[in-house]
Amino acid sequence: MSKKVAFLQGNEAATYGALYAGCNFFAGYPITPSTEVAEVMSAELPKIGGKFIQMEDEIGAMAAILGAALAGAKVLTSTSGPGLSLKQELIGYGCIAEIPCVIYNVMRGGPSTGMPTGPSQSDVMCAKWGTHGDHPAICLTPASVQETYEEMIRAFNLAEKYRTPVMVMPDEIVAHMRERVVFPEQGEIEVVGRKTPTVSPDQYKPYDTSFGDVPPLAAFGSGYKFHVTGLNKMQDGFPTTKADVVQAEEERQVRKVDANIDDIVTFEEYLLEDAEVVVVAYGSTSRSARYAVNAAREQGIKAGMFRIKTFWPFPDKQIKALAQKAKAFIVPEMNLGMCSLEIERNVQGKAPVVGINRVDGEPINPDQILAKIKEVK
Amino acid sequence: MAFNYEKWLRPGKLPHIWCPGCGHGIIMKGMIRAMETLNLKKEETAVVSGIGCASRLPGYIDCCTLHTAHGRAAAFATGVKMAKPEMNVILVGGDGDGTAIGGNHFIHACRRNIDMTYIILNNNIYGMTGGQFSPCTPTGAKASTTPYGNPDPGFDIAKLAIGAGATFVARGTAFHANQIDKLIVEAIQHKGFSVVEILDDCPTTYGRRNKFKSVIEMMNRLKDIAVPVKAAEKMTAEQLQGKVLTGVLYKDETKSEYTAEYAKVIERSKAAK
């Protein structure tokens, strides 16, 4: 039997990916260039008995998905630049209270209102450092419409598996371009459910680490009653300022991601085996990079591409390994140098790290990258 | 027989954080009596709050409790209620939390008429941060950030709620303790967004700056200014000067409740397939 195929926009594909993953609650606020997600959700969710709500603001949308997640729903919100800034307060709440949720953020120009219809990749640092305090961060940066569909499923899986907010951040080009999408059959891609308690309600603690670093999460209204707070908390969910407890809990929250980097981090290695010039790219920029690498190879230059699929946690190990043999790194990105900071951190001066940076609302084209490859080879 | 409050309180979580003379405990007891009167199931009841002294209340209540971020209780609770419309959802918070930083979520919860009860403990001040003026601090009053008297006019929470579309609005005071549970019972029974404002006192951060010599004096103020709506009907505008109406101020049973309205959306979407 042939698979179902459609010609979809990135934002539409993201929505169908979320639905495949079992998303049954969406709260959002209109914002360019991500609004299509809300539009498709408003049509699709009620058909399956799910809930769509357009909230009064971005903060309210983030709050509503956290509340719904605590009531057992698989939840999504979508936004862009200024909306991501507003949501940061409660992304932190999701991190400390350990509430699974997915935030889909389309990267547009910034800061502030910036260039609402122009592409950008300048939110990648905001994904990790946007909310205050130490916290885990998972952020996926898809490069095609098909990948956006599949990464949404993976985002829901990671959110549930690690009980933490997960961000999916396509740039505006990926979000708004149309490509062929081949839908997986039901059951073809694994969908991870929430780890729910096996103990009786009177024994249940929402942060019971005897079950590991990711404690089971009960739902409100399922027979379990418990307390949730944004304060530093003990295993029973109640606030504490006891130094040793706070230290241990903060470290555990971050460890949920840090100790599972190999499970979370994904990437593509393209023509890297003998590469002397390594282009590190992500999102739509990686499409130009691939073209440039091919063109360089045709001219006899040993170029390759390391494509970041999971931006956070960052693929430190892989970049460190590449730094042992590469002569130069080129980092094209639609910002003034964010990924390149992470590359520099990992390359540790072993090779030059050269950025190609555009913030003018135009994509980085293959010629620009090819020219830089020739320059550094 | 004495009322068994312990049944609704989480063991080991007392003493509470509230100062001697604060009315929050009186209001919590009223809320507990209301939950007992209605025989609510603890597992099916979510108590949601924001940040502040009043917002610590859910921690003491043995239900599904959610202490959210500053001002965000109504938005979190909207998510809970939409996901599980069968749950009882009660919001608790102070005047600053609810009408300043949470003002937008508050008016939109009123507008949607989503079936929840919001108990606002109005002590006219930001207590937890040490007594800064709130949108409910009287003009001219002293606060830590109005050392020369408050230049701001205040909100009338009840009028705000009615104007925004809430369908049940009541007001009581911490002095009139026996009325609190009755107002909350009626609010929870009401199908729609219900607001119960309870006028309260903060001797620590408001009273001492505003020449109240004692908690008793602050409580007596609540006693003096409160006029039941029925009694007010027979009073002149002059007599009502400086008074505050108490009791059920507004009730509309004709407006559609939000989760019921969304259930219709689900039906329509299925028919459209």
# chains A, B, ... in the order shown; residues from 1 in each chain; ligands from 1
$ interface_residues --of "chain A" --to "chain B" --cutoff "8 Å" --atoms "only C-alpha atoms" --output "ChimeraX atom specification"
/A:25,43,46-47,49,51,56,60-61,63-73,90,93,220-230,238
$ residues_around --residues "A:Val245" --least-positions-apart "5" --cutoff "9 Å" --atoms "only C-alpha atoms" --output "list in words"
Asn232, Lys233, Met234, Gln235, Thr240 and Glu250 of chain A
$ atom_distance --atom1 "atom CA of A:Asp316" --atom2 "atom CA of A:Glu344"
10.5 Å
$ select_by_dssp --residues "stretch 116-200 of chain B" --states "alpha helix (DSSP H)" --output "VMD selection string"
chain B and resid 157 to 164 177 to 189
$ residues_around --residues "B:Gly165" --least-positions-apart "2" --cutoff "12 Å" --atoms "only C-alpha atoms" --output "PyMOL selection string"
chain B and resi 106-114+158-163+167-169+192-195+250-258
$ write_last_selection --atoms "N, CA and C atoms" --output "PDB file, in the first residue's frame"
ATOM      1  N   PHE B 106      -7.355  37.786  33.985  1.00  0.00           N
ATOM      2  CA  PHE B 106      -8.575  37.909  34.791  1.00  0.00           C
ATOM      3  C   PHE B 106      -9.758  38.341  33.924  1.00  0.00           C
ATOM      4  N   ILE B 107      -9.579  39.443  33.174  1.00  0.00           N
ATOM      5  CA  ILE B 107     -10.736  39.939  32.405  1.00  0.00           C
ATOM      6  C   ILE B 107     -11.136  38.976  31.294  1.00  0.00           C
ATOM      7  N   HIS B 108     -10.156  38.254  30.753  1.00  0.00           N
ATOM      8  CA  HIS B 108     -10.510  37.328  29.673  1.00  0.00           C
ATOM      9  C   HIS B 108     -11.153  36.050  30.198  1.00  0.00           C
ATOM     10  N   ALA B 109     -10.798  35.648  31.395  1.00  0.00           N
ATOM     11  CA  ALA B 109     -11.512  34.524  32.017  1.00  0.00           C
ATOM     12  C   ALA B 109     -12.961  34.937  32.283  1.00  0.00           C
ATOM     13  N   CYS B 110     -13.143  36.184  32.716  1.00  0.00           N
ATOM     14  CA  CYS B 110     -14.499  36.727  32.906  1.00  0.00           C
ATOM     15  C   CYS B 110     -15.264  36.708  31.579  1.00  0.00           C
ATOM     16  N   ARG B 111     -14.614  37.194  30.538  1.00  0.00           N
ATOM     17  CA  ARG B 111     -15.254  37.297  29.222  1.00  0.00           C
ATOM     18  C   ARG B 111     -15.682  35.929  28.702  1.00  0.00           C
ATOM     19  N   ARG B 112     -14.798  34.939  28.837  1.00  0.00           N
ATOM     20  CA  ARG B 112     -15.145  33.606  28.327  1.00  0.00           C
ATOM     21  C   ARG B 112     -16.270  32.978  29.141  1.00  0.00           C
ATOM     22  N   ASN B 113     -16.401  33.404  30.386  1.00  0.00           N
ATOM     23  CA  ASN B 113     -17.387  32.803  31.292  1.00  0.00           C
ATOM     24  C   ASN B 113     -17.116  31.317  31.479  1.00  0.00           C
ATOM     25  N   ILE B 114     -15.833  30.983  31.658  1.00  0.00           N
ATOM     26  CA  ILE B 114     -15.445  29.594  31.900  1.00  0.00           C
ATOM     27  C   ILE B 114     -15.768  29.234  33.348  1.00  0.00           C
ATOM     28  N   ALA B 158     -15.203  44.247  41.640  1.00  0.00           N
ATOM     29  CA  ALA B 158     -16.523  43.717  41.271  1.00  0.00           C
ATOM     30  C   ALA B 158     -17.017  44.340  39.965  1.00  0.00           C
ATOM     31  N   LYS B 159     -16.882  45.658  39.867  1.00  0.00           N
ATOM     32  CA  LYS B 159     -17.318  46.326  38.632  1.00  0.00           C
ATOM     33  C   LYS B 159     -16.480  45.872  37.441  1.00  0.00           C
ATOM     34  N   LEU B 160     -15.193  45.684  37.695  1.00  0.00           N
ATOM     35  CA  LEU B 160     -14.288  45.208  36.643  1.00  0.00           C
ATOM     36  C   LEU B 160     -14.753  43.839  36.139  1.00  0.00           C
ATOM     37  N   ALA B 161     -15.059  42.960  37.079  1.00  0.00           N
ATOM     38  CA  ALA B 161     -15.485  41.595  36.724  1.00  0.00           C
ATOM     39  C   ALA B 161     -16.812  41.618  35.962  1.00  0.00           C
ATOM     40  N   ILE B 162     -17.732  42.427  36.429  1.00  0.00           N
ATOM     41  CA  ILE B 162     -19.047  42.501  35.769  1.00  0.00           C
ATOM     42  C   ILE B 162     -18.872  43.072  34.358  1.00  0.00           C
ATOM     43  N   GLY B 163     -18.094  44.143  34.262  1.00  0.00           N
ATOM     44  CA  GLY B 163     -17.860  44.761  32.963  1.00  0.00           C
ATOM     45  C   GLY B 163     -17.185  43.825  31.978  1.00  0.00           C
ATOM     46  N   THR B 167     -20.229  36.163  35.283  1.00  0.00           N
ATOM     47  CA  THR B 167     -21.682  36.018  35.430  1.00  0.00           C
ATOM     48  C   THR B 167     -22.124  35.815  36.873  1.00  0.00           C
ATOM     49  N   PHE B 168     -21.183  35.807  37.799  1.00  0.00           N
ATOM     50  CA  PHE B 168     -21.525  35.802  39.222  1.00  0.00           C
ATOM     51  C   PHE B 168     -20.463  36.610  39.944  1.00  0.00           C
ATOM     52  N   VAL B 169     -20.882  37.653  40.620  1.00  0.00           N
ATOM     53  CA  VAL B 169     -19.918  38.497  41.327  1.00  0.00           C
ATOM     54  C   VAL B 169     -20.450  38.788  42.730  1.00  0.00           C
ATOM     55  N   GLY B 192     -20.464  29.035  35.387  1.00  0.00           N
ATOM     56  CA  GLY B 192     -19.875  30.167  34.681  1.00  0.00           C
ATOM     57  C   GLY B 192     -18.725  30.719  35.509  1.00  0.00           C
ATOM     58  N   PHE B 193     -18.157  31.828  35.070  1.00  0.00           N
ATOM     59  CA  PHE B 193     -17.031  32.403  35.811  1.00  0.00           C
ATOM     60  C   PHE B 193     -17.564  33.240  36.971  1.00  0.00           C
ATOM     61  N   SER B 194     -17.222  32.829  38.183  1.00  0.00           N
ATOM     62  CA  SER B 194     -17.720  33.526  39.364  1.00  0.00           C
ATOM     63  C   SER B 194     -16.561  34.159  40.120  1.00  0.00           C
ATOM     64  N   VAL B 195     -16.795  35.349  40.605  1.00  0.00           N
ATOM     65  CA  VAL B 195     -15.766  36.102  41.327  1.00  0.00           C
ATOM     66  C   VAL B 195     -16.283  36.420  42.725  1.00  0.00           C
ATOM     67  N   TYR B 250     -24.056  40.503  41.549  1.00  0.00           N
ATOM     68  CA  TYR B 250     -24.447  40.319  40.145  1.00  0.00           C
ATOM     69  C   TYR B 250     -24.583  38.836  39.842  1.00  0.00           C
ATOM     70  N   LYS B 251     -25.608  38.512  39.082  1.00  0.00           N
ATOM     71  CA  LYS B 251     -25.797  37.111  38.688  1.00  0.00           C
ATOM     72  C   LYS B 251     -26.517  37.076  37.352  1.00  0.00           C
ATOM     73  N   ASP B 252     -25.920  36.374  36.390  1.00  0.00           N
ATOM     74  CA  ASP B 252     -26.516  36.237  35.058  1.00  0.00           C
ATOM     75  C   ASP B 252     -26.474  34.763  34.692  1.00  0.00           C
ATOM     76  N   GLU B 253     -27.636  34.156  34.560  1.00  0.00           N
ATOM     77  CA  GLU B 253     -27.657  32.720  34.247  1.00  0.00           C
ATOM     78  C   GLU B 253     -27.988  32.454  32.778  1.00  0.00           C
ATOM     79  N   THR B 254     -27.949  33.519  31.966  1.00  0.00           N
ATOM     80  CA  THR B 254     -28.313  33.344  30.559  1.00  0.00           C
ATOM     81  C   THR B 254     -27.101  33.166  29.647  1.00  0.00           C
ATOM     82  N   LYS B 255     -25.953  33.663  30.076  1.00  0.00           N
ATOM     83  CA  LYS B 255     -24.766  33.611  29.203  1.00  0.00           C
ATOM     84  C   LYS B 255     -24.194  32.187  29.162  1.00  0.00           C
ATOM     85  N   SER B 256     -23.793  31.786  27.997  1.00  0.00           N
ATOM     86  CA  SER B 256     -23.265  30.445  27.786  1.00  0.00           C
ATOM     87  C   SER B 256     -21.934  30.252  28.508  1.00  0.00           C
ATOM     88  N   GLU B 257     -21.778  29.061  29.090  1.00  0.00           N
ATOM     89  CA  GLU B 257     -20.511  28.754  29.765  1.00  0.00           C
ATOM     90  C   GLU B 257     -19.512  28.247  28.718  1.00  0.00           C
ATOM     91  N   TYR B 258     -18.221  28.542  28.925  1.00  0.00           N
ATOM     92  CA  TYR B 258     -17.231  28.349  27.853  1.00  0.00           C
ATOM     93  C   TYR B 258     -16.971  26.885  27.480  1.00  0.00           C
TER      94      TYR B 258
END
$ residues_around --residues "A:Tyr291" --least-positions-apart "2" --cutoff "12 Å" --atoms "only C-alpha atoms" --output "list in words"
Tyr270, Val279, Ala281, Ser284, Thr285, Ser286, Arg287, Ser288, Ala289, Val293, Asn294, Ala295, Ala296, Arg297, Glu298, Ala303, Gly304, Met305, Ile364, Asn365, Pro366, Asp367, Gln368, Ile369, Leu370 and Ile373 of chain A
$ closest_residue --among "B:Cys53, B:Met35, B:Ala141, B:Val227" --to "B:Asn210" --atoms "only C-alpha atoms"
B:Ala141
$ closest_residue --among "A:Phe306, A:Ala97, A:Ala292, A:Ala351" --to "A:Gly237" --atoms "only C-alpha atoms"
A:Ala97
$ select_by_dssp --residues "stretch 36-126 of chain A" --states "strand (DSSP E or B)" --output "list in words"
Lys51, Phe52, Ile53, Gln54, Val75, Leu76, Thr77, Ser78, Thr79, Ser80, Cys101, Val102, Ile103, Tyr104, Asn105, Val106, Met107, Arg108 and Pro119 of chain A
$ decode --residues "stretch 77-119 of chain B" --atoms "N, CA and C atoms" --output "compact mmCIF listing (two decimals), in the first residue's frame"
# COMPACT_ATOMS: atom_id res chain seq x y z
N ALA B 77 -5.35 27.87 35.02
CA ALA B 77 -6.61 27.22 35.37
C ALA B 77 -7.49 27.00 34.15
N THR B 78 -7.41 27.93 33.20
CA THR B 78 -8.17 27.78 31.96
C THR B 78 -7.72 26.51 31.23
N GLY B 79 -6.41 26.26 31.25
CA GLY B 79 -5.88 25.04 30.65
C GLY B 79 -6.38 23.80 31.36
N VAL B 80 -6.35 23.83 32.69
CA VAL B 80 -6.83 22.68 33.48
C VAL B 80 -8.30 22.42 33.16
N LYS B 81 -9.10 23.48 33.20
CA LYS B 81 -10.55 23.32 33.02
C LYS B 81 -10.91 22.87 31.60
N MET B 82 -10.19 23.41 30.60
CA MET B 82 -10.46 22.99 29.22
C MET B 82 -10.10 21.52 29.02
N ALA B 83 -8.98 21.10 29.61
CA ALA B 83 -8.55 19.71 29.45
C ALA B 83 -9.46 18.77 30.22
N LYS B 84 -9.93 19.19 31.39
CA LYS B 84 -10.78 18.34 32.23
C LYS B 84 -11.99 19.15 32.72
N PRO B 85 -12.97 19.39 31.85
CA PRO B 85 -14.12 20.24 32.23
C PRO B 85 -14.91 19.70 33.42
N GLU B 86 -14.76 18.41 33.71
CA GLU B 86 -15.52 17.83 34.83
C GLU B 86 -14.94 18.21 36.19
N MET B 87 -13.73 18.77 36.21
CA MET B 87 -13.11 19.14 37.49
C MET B 87 -13.69 20.45 38.03
N ASN B 88 -13.74 20.56 39.36
CA ASN B 88 -14.05 21.84 39.99
C ASN B 88 -12.75 22.63 40.02
N VAL B 89 -12.81 23.85 39.56
CA VAL B 89 -11.59 24.67 39.56
C VAL B 89 -11.84 25.94 40.37
N ILE B 90 -11.01 26.12 41.39
CA ILE B 90 -11.12 27.29 42.27
C ILE B 90 -9.79 28.06 42.20
N LEU B 91 -9.89 29.33 41.94
CA LEU B 91 -8.70 30.18 41.93
C LEU B 91 -8.64 31.00 43.21
N VAL B 92 -7.44 31.20 43.70
CA VAL B 92 -7.25 32.02 44.89
C VAL B 92 -6.09 32.97 44.64
N GLY B 93 -6.23 34.20 45.06
CA GLY B 93 -5.10 35.11 44.92
C GLY B 93 -5.39 36.46 45.52
N GLY B 94 -4.38 37.30 45.48
CA GLY B 94 -4.53 38.63 46.06
C GLY B 94 -4.91 39.66 45.02
N ASP B 95 -5.06 40.91 45.48
CA ASP B 95 -5.48 42.00 44.59
C ASP B 95 -4.40 42.38 43.59
N GLY B 96 -3.14 42.41 44.01
CA GLY B 96 -2.07 42.76 43.09
C GLY B 96 -1.88 41.70 42.03
N ASP B 97 -1.82 40.45 42.47
CA ASP B 97 -1.66 39.30 41.59
C ASP B 97 -2.77 39.26 40.54
N GLY B 98 -3.99 39.48 40.99
CA GLY B 98 -5.14 39.29 40.10
C GLY B 98 -5.47 40.47 39.21
N THR B 99 -5.24 41.70 39.71
CA THR B 99 -5.72 42.85 38.94
C THR B 99 -4.60 43.67 38.30
N ALA B 100 -3.34 43.43 38.70
CA ALA B 100 -2.23 44.15 38.04
C ALA B 100 -1.57 43.21 37.03
N ILE B 101 -0.62 42.41 37.51
CA ILE B 101 0.12 41.54 36.58
C ILE B 101 -0.80 40.49 35.95
N GLY B 102 -1.86 40.12 36.66
CA GLY B 102 -2.78 39.11 36.13
C GLY B 102 -4.06 39.70 35.54
N GLY B 103 -4.08 41.01 35.41
CA GLY B 103 -5.32 41.67 34.99
C GLY B 103 -5.86 41.20 33.65
N ASN B 104 -4.95 40.97 32.71
CA ASN B 104 -5.40 40.54 31.39
C ASN B 104 -6.04 39.16 31.44
N HIS B 105 -5.38 38.23 32.15
CA HIS B 105 -5.93 36.88 32.25
C HIS B 105 -7.27 36.92 32.99
N PHE B 106 -7.35 37.79 33.98
CA PHE B 106 -8.58 37.91 34.79
C PHE B 106 -9.76 38.34 33.92
N ILE B 107 -9.58 39.44 33.17
CA ILE B 107 -10.74 39.94 32.40
C ILE B 107 -11.14 38.98 31.29
N HIS B 108 -10.16 38.25 30.75
CA HIS B 108 -10.51 37.33 29.67
C HIS B 108 -11.15 36.05 30.20
N ALA B 109 -10.80 35.65 31.40
CA ALA B 109 -11.51 34.52 32.02
C ALA B 109 -12.96 34.94 32.28
N CYS B 110 -13.14 36.18 32.72
CA CYS B 110 -14.50 36.73 32.91
C CYS B 110 -15.26 36.71 31.58
N ARG B 111 -14.61 37.19 30.54
CA ARG B 111 -15.25 37.30 29.22
C ARG B 111 -15.68 35.93 28.70
N ARG B 112 -14.80 34.94 28.84
CA ARG B 112 -15.14 33.61 28.33
C ARG B 112 -16.27 32.98 29.14
N ASN B 113 -16.40 33.40 30.39
CA ASN B 113 -17.39 32.80 31.29
C ASN B 113 -17.12 31.32 31.48
N ILE B 114 -15.83 30.98 31.66
CA ILE B 114 -15.45 29.59 31.90
C ILE B 114 -15.77 29.23 33.35
N ASP B 115 -16.26 28.04 33.56
CA ASP B 115 -16.83 27.65 34.85
C ASP B 115 -15.75 27.44 35.93
N MET B 116 -15.38 28.53 36.56
CA MET B 116 -14.42 28.48 37.65
C MET B 116 -14.82 29.53 38.68
N THR B 117 -14.32 29.38 39.88
CA THR B 117 -14.59 30.36 40.93
C THR B 117 -13.29 31.02 41.35
N TYR B 118 -13.27 32.34 41.30
CA TYR B 118 -12.05 33.08 41.63
C TYR B 118 -12.28 33.84 42.94
N ILE B 119 -11.57 33.42 43.97
CA ILE B 119 -11.66 34.09 45.27
C ILE B 119 -10.49 35.07 45.37
